[in-house]
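Enquirer: To be precise about what I am sending: the file is called input.cif and holds mmCIF, C-alpha atoms.
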data_input
loop_
_atom_site.group_PDB
_atom_site.id
_atom_site.type_symbol
_atom_site.label_atom_id
_atom_site.label_comp_id
_atom_site.auth_asym_id
_atom_site.auth_seq_id
_atom_site.Cartn_x
_atom_site.Cartn_y
_atom_site.Cartn_z
ATOM 1 C CA THR Q 9 69.142 134.221 87.805
ATOM 2 C CA SER Q 10 67.373 130.895 87.398
ATOM 3 C CA PRO Q 11 67.402 128.900 84.148
ATOM 4 C CA SER Q 12 64.860 130.100 81.572
ATOM 5 C CA SER Q 13 63.708 126.526 80.903
ATOM 6 C CA ALA Q 14 60.350 125.557 82.279
ATOM 7 C CA ASN Q 15 61.979 122.404 83.674
ATOM 8 C CA ALA Q 16 64.376 124.323 85.880
ATOM 9 C CA ASP Q 17 65.002 122.298 89.066
ATOM 10 C CA ALA Q 18 66.923 124.812 91.186
ATOM 11 C CA ILE Q 19 68.031 128.410 91.459
ATOM 12 C CA ARG Q 20 71.442 128.966 89.846
ATOM 13 C CA LEU Q 21 73.713 131.989 89.889
ATOM 14 C CA VAL Q 22 76.172 132.682 87.063
ATOM 15 C CA LEU Q 23 78.798 135.421 87.403
ATOM 16 C CA GLY Q 24 81.064 136.782 84.684
ATOM 17 C CA ARG Q 25 79.210 135.183 81.782
ATOM 18 C CA THR Q 26 76.745 136.666 79.349
ATOM 19 C CA ASN Q 27 74.887 133.430 78.607
ATOM 20 C CA ALA Q 28 71.861 132.625 80.747
ATOM 21 C CA PRO Q 29 72.095 129.801 83.320
ATOM 22 C CA THR Q 30 71.077 126.290 82.320
ATOM 23 C CA ASN Q 31 70.323 123.133 84.233
ATOM 24 C CA ASN Q 32 73.893 121.999 83.468
ATOM 25 C CA ASP Q 33 75.317 124.858 85.527
ATOM 26 C CA LYS Q 34 76.149 124.423 89.203
ATOM 27 C CA ILE Q 35 74.407 126.356 91.950
ATOM 28 C CA LEU Q 36 77.172 128.957 91.595
ATOM 29 C CA THR Q 37 79.124 129.291 88.330
ATOM 30 C CA VAL Q 38 81.947 131.807 88.029
ATOM 31 C CA ALA Q 39 83.461 132.480 84.620
ATOM 32 C CA GLY Q 40 86.740 134.022 85.711
ATOM 33 C CA SER Q 41 88.813 134.428 88.863
ATOM 34 C CA ILE Q 42 87.684 134.531 92.479
ATOM 35 C CA SER Q 43 89.732 136.728 94.811
ATOM 36 C CA ALA Q 44 89.259 136.616 98.555
ATOM 37 C CA SER Q 45 91.087 138.432 101.337
ATOM 38 C CA GLY Q 46 89.673 136.036 103.911
ATOM 39 C CA ASN Q 47 88.780 132.356 104.125
ATOM 40 C CA LEU Q 48 86.721 130.261 101.713
ATOM 41 C CA PHE Q 49 84.481 127.773 103.515
ATOM 42 C CA VAL Q 50 83.072 124.837 101.553
ATOM 43 C CA GLU Q 51 80.640 122.535 103.346
ATOM 44 C CA SER Q 52 80.701 119.878 100.654
ATOM 45 C CA ASN Q 53 83.174 119.025 97.884
ATOM 46 C CA LEU Q 54 85.205 121.569 95.927
ATOM 47 C CA LYS Q 55 85.580 120.465 92.309
ATOM 48 C CA MET Q 56 87.237 121.992 89.260
ATOM 49 C CA ASN Q 57 86.714 121.069 85.632
ATOM 50 C CA ALA Q 58 89.944 119.643 84.223
ATOM 51 C CA THR Q 59 90.194 121.989 81.251
ATOM 52 C CA ALA Q 60 93.313 123.790 80.121
ATOM 53 C CA GLY Q 61 94.261 126.965 81.949
ATOM 54 C CA GLN Q 62 92.299 126.344 85.141
ATOM 55 C CA ASP Q 63 94.501 126.467 88.222
ATOM 56 C CA ILE Q 64 94.241 126.968 91.940
ATOM 57 C CA ASP Q 65 96.679 129.757 92.850
ATOM 58 C CA LEU Q 66 97.652 130.165 96.482
ATOM 59 C CA SER Q 67 99.801 132.854 98.059
ATOM 60 C CA ASP Q 68 103.304 132.069 99.379
ATOM 61 C CA THR Q 69 102.137 131.144 102.870
ATOM 62 C CA SER Q 70 98.687 129.754 102.102
ATOM 63 C CA LYS Q 71 97.432 126.459 103.447
ATOM 64 C CA ILE Q 72 94.583 124.041 102.939
ATOM 65 C CA ASP Q 73 93.378 122.693 106.283
ATOM 66 C CA PHE Q 74 91.464 119.434 106.696
ATOM 67 C CA GLY Q 75 90.177 120.345 110.144
ATOM 68 C CA ARG Q 76 87.886 117.356 110.581
ATOM 69 C CA PHE Q 77 90.937 115.051 110.538
ATOM 70 C CA GLY Q 78 93.022 116.951 113.107
ATOM 71 C CA ALA Q 79 94.667 120.306 113.639
ATOM 72 C CA ALA Q 80 97.898 119.322 111.854
ATOM 73 C CA THR Q 81 96.353 117.728 108.762
ATOM 74 C CA ARG Q 82 97.046 120.264 106.043
ATOM 75 C CA ILE Q 83 98.824 121.184 102.843
ATOM 76 C CA ARG Q 84 100.830 124.396 103.099
ATOM 77 C CA SER Q 85 103.649 126.337 101.480
ATOM 78 C CA ASN Q 86 106.216 128.905 102.538
ATOM 79 C CA THR Q 87 108.066 131.846 100.998
ATOM 80 C CA ASP Q 88 110.949 129.569 99.899
ATOM 81 C CA GLY Q 89 108.657 127.655 97.539
ATOM 82 C CA ASP Q 90 108.532 124.543 99.763
ATOM 83 C CA LEU Q 91 105.357 122.450 99.881
ATOM 84 C CA PHE Q 92 104.476 120.621 103.094
ATOM 85 C CA VAL Q 93 101.954 117.788 103.383
ATOM 86 C CA GLU Q 94 101.234 117.188 107.055
ATOM 87 C CA ALA Q 95 98.978 114.651 108.744
ATOM 88 C CA ASP Q 96 97.916 114.070 112.347
ATOM 89 C CA ASN Q 97 98.093 110.336 111.656
ATOM 90 C CA ASP Q 98 99.337 108.265 108.721
ATOM 91 C CA LEU Q 99 100.039 109.698 105.274
ATOM 92 C CA HIS Q 100 99.012 107.336 102.478
ATOM 93 C CA LEU Q 101 100.310 107.704 98.922
ATOM 94 C CA ALA Q 102 98.432 105.319 96.652
ATOM 95 C CA PRO Q 103 99.197 105.787 92.959
ATOM 96 C CA ASP Q 104 97.747 103.340 90.456
ATOM 97 C CA ASP Q 105 101.253 102.660 89.161
ATOM 98 C CA ASP Q 106 104.708 103.918 90.235
ATOM 99 C CA LEU Q 107 105.600 106.586 92.815
ATOM 100 C CA VAL Q 108 108.405 108.755 91.411
ATOM 101 C CA ILE Q 109 110.526 111.244 93.388
ATOM 102 C CA GLN Q 110 112.446 113.656 91.218
ATOM 103 C CA VAL Q 111 114.135 117.049 91.380
ATOM 104 C CA GLY Q 112 113.468 119.066 88.249
ATOM 105 C CA ASN Q 113 113.696 116.604 85.385
ATOM 106 C CA THR Q 114 116.004 114.188 87.223
ATOM 107 C CA ILE Q 115 114.480 111.061 88.766
ATOM 108 C CA HIS Q 116 116.150 110.048 92.035
ATOM 109 C CA THR Q 117 113.928 107.390 93.591
ATOM 110 C CA THR Q 118 111.141 105.237 92.181
ATOM 111 C CA PHE Q 119 108.826 102.931 94.102
ATOM 112 C CA PHE Q 120 107.424 100.560 91.513
ATOM 113 C CA GLY Q 121 103.966 99.062 91.578
ATOM 114 C CA GLU Q 122 105.561 95.596 91.634
ATOM 115 C CA GLY Q 123 106.686 96.204 95.239
ATOM 116 C CA ARG Q 124 110.281 97.047 94.284
ATOM 117 C CA ALA Q 125 112.317 100.238 94.543
ATOM 118 C CA ARG Q 126 115.323 101.943 92.973
ATOM 119 C CA ILE Q 127 117.248 104.616 94.909
ATOM 120 C CA ASN Q 128 119.574 107.110 93.223
ATOM 121 C CA SER Q 129 118.630 105.706 89.840
ATOM 122 C CA THR Q 130 117.033 107.208 86.748
ATOM 123 C CA SER Q 131 115.885 103.821 85.452
ATOM 124 C CA THR Q 132 112.177 103.558 84.734
ATOM 125 C CA THR Q 133 111.993 99.746 84.964
ATOM 126 C CA ALA Q 134 111.605 97.735 88.156
ATOM 127 C CA PRO Q 135 114.741 95.916 89.389
ATOM 128 C CA THR Q 136 114.850 92.150 89.833
ATOM 129 C CA SER Q 137 115.622 92.570 93.548
ATOM 130 C CA THR Q 138 113.301 94.187 96.075
ATOM 131 C CA LEU Q 139 115.648 97.159 96.590
ATOM 132 C CA GLU Q 140 118.411 98.394 94.316
ATOM 133 C CA VAL Q 141 120.715 101.235 95.365
ATOM 134 C CA GLU Q 142 123.182 102.911 93.045
ATOM 135 C CA GLY Q 143 125.927 104.299 95.270
ATOM 136 C CA ASP Q 144 127.183 103.762 98.807
ATOM 137 C CA ILE Q 145 125.107 102.718 101.809
ATOM 138 C CA SER Q 146 126.248 104.120 105.152
ATOM 139 C CA ALA Q 147 124.948 102.792 108.463
ATOM 140 C CA SER Q 148 125.747 104.001 111.972
ATOM 141 C CA GLY Q 149 124.174 100.873 113.445
ATOM 142 C CA ASP Q 150 123.929 97.197 112.572
ATOM 143 C CA PHE Q 151 123.121 95.935 109.104
ATOM 144 C CA LEU Q 152 120.635 93.121 109.584
ATOM 145 C CA GLY Q 153 119.223 90.741 107.014
ATOM 146 C CA LYS Q 154 117.238 87.535 107.165
ATOM 147 C CA SER Q 155 116.594 84.854 104.595
ATOM 148 C CA THR Q 156 112.980 83.718 104.469
ATOM 149 C CA SER Q 157 114.078 80.180 103.575
ATOM 150 C CA THR Q 158 116.897 79.579 106.090
ATOM 151 C CA GLY Q 159 116.130 82.167 108.746
ATOM 152 C CA SER Q 160 119.753 83.319 108.623
ATOM 153 C CA PHE Q 161 121.534 86.187 106.920
ATOM 154 C CA GLY Q 162 121.218 86.108 103.145
ATOM 155 C CA ARG Q 163 124.036 86.243 100.601
ATOM 156 C CA LEU Q 164 126.360 89.173 100.047
ATOM 157 C CA VAL Q 165 127.358 89.126 96.382
ATOM 158 C CA GLY Q 166 130.286 91.103 95.000
ATOM 159 C CA THR Q 167 133.237 92.842 96.632
ATOM 160 C CA ILE Q 168 132.914 94.019 100.222
ATOM 161 C CA GLY Q 169 135.277 96.864 101.104
ATOM 162 C CA THR Q 170 135.520 97.900 104.749
ATOM 163 C CA ALA Q 171 137.778 100.020 106.900
ATOM 164 C CA ALA Q 172 139.869 98.325 109.609
ATOM 165 C CA GLN Q 173 137.571 96.412 111.958
ATOM 166 C CA THR Q 174 138.681 95.954 115.554
ATOM 167 C CA ASN Q 175 136.268 93.152 116.355
ATOM 168 C CA ILE Q 176 134.624 90.635 114.036
ATOM 169 C CA THR Q 177 133.100 87.942 116.185
ATOM 170 C CA SER Q 178 132.019 85.505 113.477
ATOM 171 C CA VAL Q 179 131.891 85.235 109.700
ATOM 172 C CA GLY Q 180 130.114 81.892 109.511
ATOM 173 C CA THR Q 181 131.173 79.484 106.748
ATOM 174 C CA LEU Q 182 133.213 80.818 103.827
ATOM 175 C CA ASP Q 183 133.530 78.930 100.559
ATOM 176 C CA SER Q 184 136.960 80.486 100.026
ATOM 177 C CA LEU Q 185 139.110 83.246 101.512
ATOM 178 C CA THR Q 186 142.005 85.135 99.974
ATOM 179 C CA VAL Q 187 144.178 87.264 102.257
ATOM 180 C CA THR Q 188 146.780 89.630 100.804
ATOM 181 C CA GLY Q 189 148.149 90.737 104.174
ATOM 182 C CA ASP Q 190 149.060 89.114 107.476
ATOM 183 C CA ILE Q 191 146.870 86.769 109.495
ATOM 184 C CA THR Q 192 147.218 87.165 113.251
ATOM 185 C CA ALA Q 193 145.508 84.582 115.428
ATOM 186 C CA ASN Q 194 145.331 84.828 119.218
ATOM 187 C CA GLY Q 195 143.716 81.395 119.335
ATOM 188 C CA ASN Q 196 143.949 78.172 117.382
ATOM 189 C CA ILE Q 197 143.710 77.726 113.625
ATOM 190 C CA ALA Q 198 142.126 74.327 113.200
ATOM 191 C CA GLY Q 199 141.237 72.289 110.138
ATOM 192 C CA ASP Q 200 139.732 68.868 109.546
ATOM 193 C CA ASN Q 201 141.728 65.812 108.402
ATOM 194 C CA SER Q 202 141.343 66.708 104.728
ATOM 195 C CA THR Q 203 142.686 70.260 105.118
ATOM 196 C CA ASN Q 204 145.921 71.007 103.256
ATOM 197 C CA ILE Q 205 148.155 73.982 103.929
ATOM 198 C CA THR Q 206 150.483 74.520 100.995
ATOM 199 C CA GLY Q 207 152.877 77.097 99.668
ATOM 200 C CA ILE Q 208 154.177 78.338 103.051
ATOM 201 C CA ASN Q 209 157.394 80.318 102.598
ATOM 202 C CA GLU Q 210 158.412 80.947 106.204
ATOM 203 C CA VAL Q 211 157.115 80.002 109.663
ATOM 204 C CA THR Q 212 158.242 81.788 112.830
ATOM 205 C CA VAL Q 213 157.662 79.660 115.920
ATOM 206 C CA LEU Q 214 157.473 81.144 119.409
ATOM 207 C CA ASP Q 215 156.598 77.851 121.101
ATOM 208 C CA ASN Q 216 156.400 74.160 120.246
ATOM 209 C CA ILE Q 217 155.118 72.647 117.031
ATOM 210 C CA ASN Q 218 153.353 69.287 117.346
ATOM 211 C CA LEU Q 219 153.141 67.240 114.188
ATOM 212 C CA ALA Q 220 151.000 64.144 114.112
ATOM 213 C CA SER Q 221 150.903 61.830 111.115
ATOM 214 C CA ALA Q 222 147.501 60.470 110.280
ATOM 215 C CA LYS Q 223 147.809 56.865 109.052
#
Could you express the structure from this file as structure tokens?
Expert:
Amino acid sequence: TSPSSANADAIRLVLGRTNAPTNNDKILTVAGSISASGNLFVESNLKMNATAGQDIDLSDTSKIDFGRFGAATRIRSNTDGDLFVEADNDLHLAPDDDLVIQVGNTIHTTFFGEGRARINSTSTTAPTSTLEVEGDISASGDFLGKSTSTGSFGRLVGTIGTAAQTNITSVGTLDSLTVTGDITANGNIAGDNSTNITGINEVTVLDNINLASAK
């Protein structure tokens, strides 16, 4: 029925409530659940008051289609409890603060609003670096990095452990190098005039040794 007020501005229908409609009610107000065996078509916006106990319950294989944006733009679920968010084009996630990915109560990855990220970390504070990973990083291809100031590869800080490498073409300039095993050189080992080689226990020579004294 319409509101009883003389200033009623539209026809309103209220279902499941004993109180008469008022101008504060929507065109259709339902006090309770709505069950439908078919589709629900909404030409405008679908809004829900954010009060306790109000939910949108969907069946195991339900989906919400955004047909105007493409056939594959939808939110759907399956019988395993998985939720899929699909888009014909880009998918934008734009929180006002951090984007947190967690399983149950365990946080695994956080993209912070400062433009930094932590992977495999439960920390809730942004790292000082752009990306911080707790654990191993495996790559089947090249690992590329570029310094914005020099245009070359940035620094690797800490201990680098690798399996046996059959071909390392260049390591650039090293401040220091400690080798606990053998050094095999198929070419020359050259140093400048100020280079000292000390503490050699044994040298096996297969060819000539040329010694030149710099005076």
Enquirer: Find the distance between CA of Leu139 in chain Q and CA of Asp105 in chain Q and write it in Å to one decimal.
Expert: 17.1 Å
Enquirer: Counting only C-alpha atoms, figure out which residue out of Q:Asn216, Q:Ala125, Q:Ala39, Q:Val111 gets nearest to Asn27 in chain Q.
Expert: Q:Ala39
Enquirer: Please determine, counting only C-alpha atoms, which residue among Q:Asn218, Q:Val211, Q:Thr136, Q:Ser70 has the shortest atom-to-atom distance to Gly89 in chain Q.
Expert: Q:Ser70
Enquirer: Please report the interatomic distance between CA of Gly121 in chain Q and CA of Glu140 in chain Q in Å with one decimal.
Expert: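 Spanning CA of Gly121 in chain Q to CA of Glu140 in chain Q is a straight-line distance of 14.7 Å.
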Enquirer: In terms of the shortest atom-to-atom distance over only C-alpha atoms, which of Q:Ile35, Q:Ala147, Q:Val108, Q:Val213 is closest to Thr133 in chain Q?
Expert: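 Nearest to Thr133 in chain Q: Q:Val108.
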Enquirer: So how many Å separate CA of Asp33 in chain Q and CA of Arg20 in chain Q, to one decimal?
Expert: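 Calculated distance between CA of Asp33 in chain Q and CA of Arg20 in chain Q is 7.1 Å.
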Enquirer: For a quick check of understanding, using only C-alpha atoms, which of Q:Asn86, Q:Asn209, Q:Thr188, Q:Gln110 has the smallest distance to Asn128 in chain Q?
Expert: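 Looking at the shortest contact to Asn128 in chain Q, the residue is Q:Gln110.
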Enquirer: Just so the selection is clear, what residues does the PyMOL selection byres ((chain Q and resi 40) around 9) cover here, as a ChimeraX atom specification?
Expert: /Q:23-25,38-39,41-42
Enquirer: Generate the missing atoms of range 19-37 of chain Q up to N, CA, C and O atoms and report them as a PDB file, in the coordinates of the input.
Expert:
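Generated output (result_4.pdb):
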ATOM      1  N   ILE Q  19      67.546 127.071  91.732  1.00  0.00           N
ATOM      2  CA  ILE Q  19      68.031 128.410  91.459  1.00  0.00           C
ATOM      3  C   ILE Q  19      69.539 128.344  91.238  1.00  0.00           C
ATOM      4  O   ILE Q  19      70.276 127.720  92.014  1.00  0.00           O
ATOM      5  N   ARG Q  20      70.022 128.962  90.165  1.00  0.00           N
ATOM      6  CA  ARG Q  20      71.442 128.966  89.846  1.00  0.00           C
ATOM      7  C   ARG Q  20      71.905 130.398  89.615  1.00  0.00           C
ATOM      8  O   ARG Q  20      71.169 131.205  89.041  1.00  0.00           O
ATOM      9  N   LEU Q  21      73.145 130.657  90.042  1.00  0.00           N
ATOM     10  CA  LEU Q  21      73.713 131.989  89.889  1.00  0.00           C
ATOM     11  C   LEU Q  21      74.974 131.876  89.045  1.00  0.00           C
ATOM     12  O   LEU Q  21      75.870 131.083  89.346  1.00  0.00           O
ATOM     13  N   VAL Q  22      75.015 132.657  87.958  1.00  0.00           N
ATOM     14  CA  VAL Q  22      76.172 132.682  87.063  1.00  0.00           C
ATOM     15  C   VAL Q  22      76.775 134.078  87.097  1.00  0.00           C
ATOM     16  O   VAL Q  22      76.058 135.071  86.887  1.00  0.00           O
ATOM     17  N   LEU Q  23      78.095 134.141  87.356  1.00  0.00           N
ATOM     18  CA  LEU Q  23      78.798 135.421  87.403  1.00  0.00           C
ATOM     19  C   LEU Q  23      79.871 135.445  86.325  1.00  0.00           C
ATOM     20  O   LEU Q  23      80.555 134.448  86.083  1.00  0.00           O
ATOM     21  N   GLY Q  24      80.007 136.597  85.658  1.00  0.00           N
ATOM     22  CA  GLY Q  24      81.064 136.782  84.684  1.00  0.00           C
ATOM     23  C   GLY Q  24      80.805 136.137  83.348  1.00  0.00           C
ATOM     24  O   GLY Q  24      81.738 135.928  82.570  1.00  0.00           O
ATOM     25  N   ARG Q  25      79.558 135.802  83.049  1.00  0.00           N
ATOM     26  CA  ARG Q  25      79.210 135.183  81.782  1.00  0.00           C
ATOM     27  C   ARG Q  25      77.942 135.817  81.237  1.00  0.00           C
ATOM     28  O   ARG Q  25      77.014 136.099  81.998  1.00  0.00           O
ATOM     29  N   THR Q  26      77.914 136.009  79.952  1.00  0.00           N
ATOM     30  CA  THR Q  26      76.745 136.666  79.349  1.00  0.00           C
ATOM     31  C   THR Q  26      75.620 135.690  79.051  1.00  0.00           C
ATOM     32  O   THR Q  26      74.457 136.086  78.955  1.00  0.00           O
ATOM     33  N   ASN Q  27      75.938 134.408  78.899  1.00  0.00           N
ATOM     34  CA  ASN Q  27      74.887 133.430  78.607  1.00  0.00           C
ATOM     35  C   ASN Q  27      74.038 133.167  79.848  1.00  0.00           C
ATOM     36  O   ASN Q  27      74.534 133.165  80.984  1.00  0.00           O
ATOM     37  N   ALA Q  28      72.774 132.901  79.640  1.00  0.00           N
ATOM     38  CA  ALA Q  28      71.861 132.625  80.747  1.00  0.00           C
ATOM     39  C   ALA Q  28      72.176 131.270  81.376  1.00  0.00           C
ATOM     40  O   ALA Q  28      72.712 130.371  80.735  1.00  0.00           O
ATOM     41  N   PRO Q  29      71.871 131.092  82.662  1.00  0.00           N
ATOM     42  CA  PRO Q  29      72.095 129.801  83.320  1.00  0.00           C
ATOM     43  C   PRO Q  29      71.278 128.687  82.684  1.00  0.00           C
ATOM     44  O   PRO Q  29      70.210 128.927  82.126  1.00  0.00           O
ATOM     45  N   THR Q  30      71.792 127.483  82.778  1.00  0.00           N
ATOM     46  CA  THR Q  30      71.077 126.290  82.320  1.00  0.00           C
ATOM     47  C   THR Q  30      71.103 125.264  83.435  1.00  0.00           C
ATOM     48  O   THR Q  30      71.789 125.433  84.452  1.00  0.00           O
ATOM     49  N   ASN Q  31      70.335 124.197  83.221  1.00  0.00           N
ATOM     50  CA  ASN Q  31      70.323 123.133  84.233  1.00  0.00           C
ATOM     51  C   ASN Q  31      71.673 122.444  84.371  1.00  0.00           C
ATOM     52  O   ASN Q  31      71.935 121.734  85.344  1.00  0.00           O
ATOM     53  N   ASN Q  32      72.568 122.601  83.387  1.00  0.00           N
ATOM     54  CA  ASN Q  32      73.893 121.999  83.468  1.00  0.00           C
ATOM     55  C   ASN Q  32      74.851 122.802  84.336  1.00  0.00           C
ATOM     56  O   ASN Q  32      75.922 122.315  84.711  1.00  0.00           O
ATOM     57  N   ASP Q  33      74.478 124.041  84.654  1.00  0.00           N
ATOM     58  CA  ASP Q  33      75.317 124.858  85.527  1.00  0.00           C
ATOM     59  C   ASP Q  33      75.175 124.396  86.978  1.00  0.00           C
ATOM     60  O   ASP Q  33      74.168 123.795  87.373  1.00  0.00           O
ATOM     61  N   LYS Q  34      76.201 124.710  87.772  1.00  0.00           N
ATOM     62  CA  LYS Q  34      76.149 124.423  89.203  1.00  0.00           C
ATOM     63  C   LYS Q  34      75.330 125.509  89.898  1.00  0.00           C
ATOM     64  O   LYS Q  34      74.877 126.478  89.269  1.00  0.00           O
ATOM     65  N   ILE Q  35      75.147 125.351  91.191  1.00  0.00           N
ATOM     66  CA  ILE Q  35      74.407 126.356  91.950  1.00  0.00           C
ATOM     67  C   ILE Q  35      75.071 127.719  91.803  1.00  0.00           C
ATOM     68  O   ILE Q  35      74.418 128.747  91.651  1.00  0.00           O
ATOM     69  N   LEU Q  36      76.421 127.730  91.827  1.00  0.00           N
ATOM     70  CA  LEU Q  36      77.172 128.957  91.595  1.00  0.00           C
ATOM     71  C   LEU Q  36      78.211 128.672  90.516  1.00  0.00           C
ATOM     72  O   LEU Q  36      79.041 127.776  90.655  1.00  0.00           O
ATOM     73  N   THR Q  37      78.153 129.424  89.412  1.00  0.00           N
ATOM     74  CA  THR Q  37      79.124 129.291  88.330  1.00  0.00           C
ATOM     75  C   THR Q  37      79.812 130.632  88.145  1.00  0.00           C
ATOM     76  O   THR Q  37      79.147 131.660  88.001  1.00  0.00           O
TER      77      THR Q  37
END
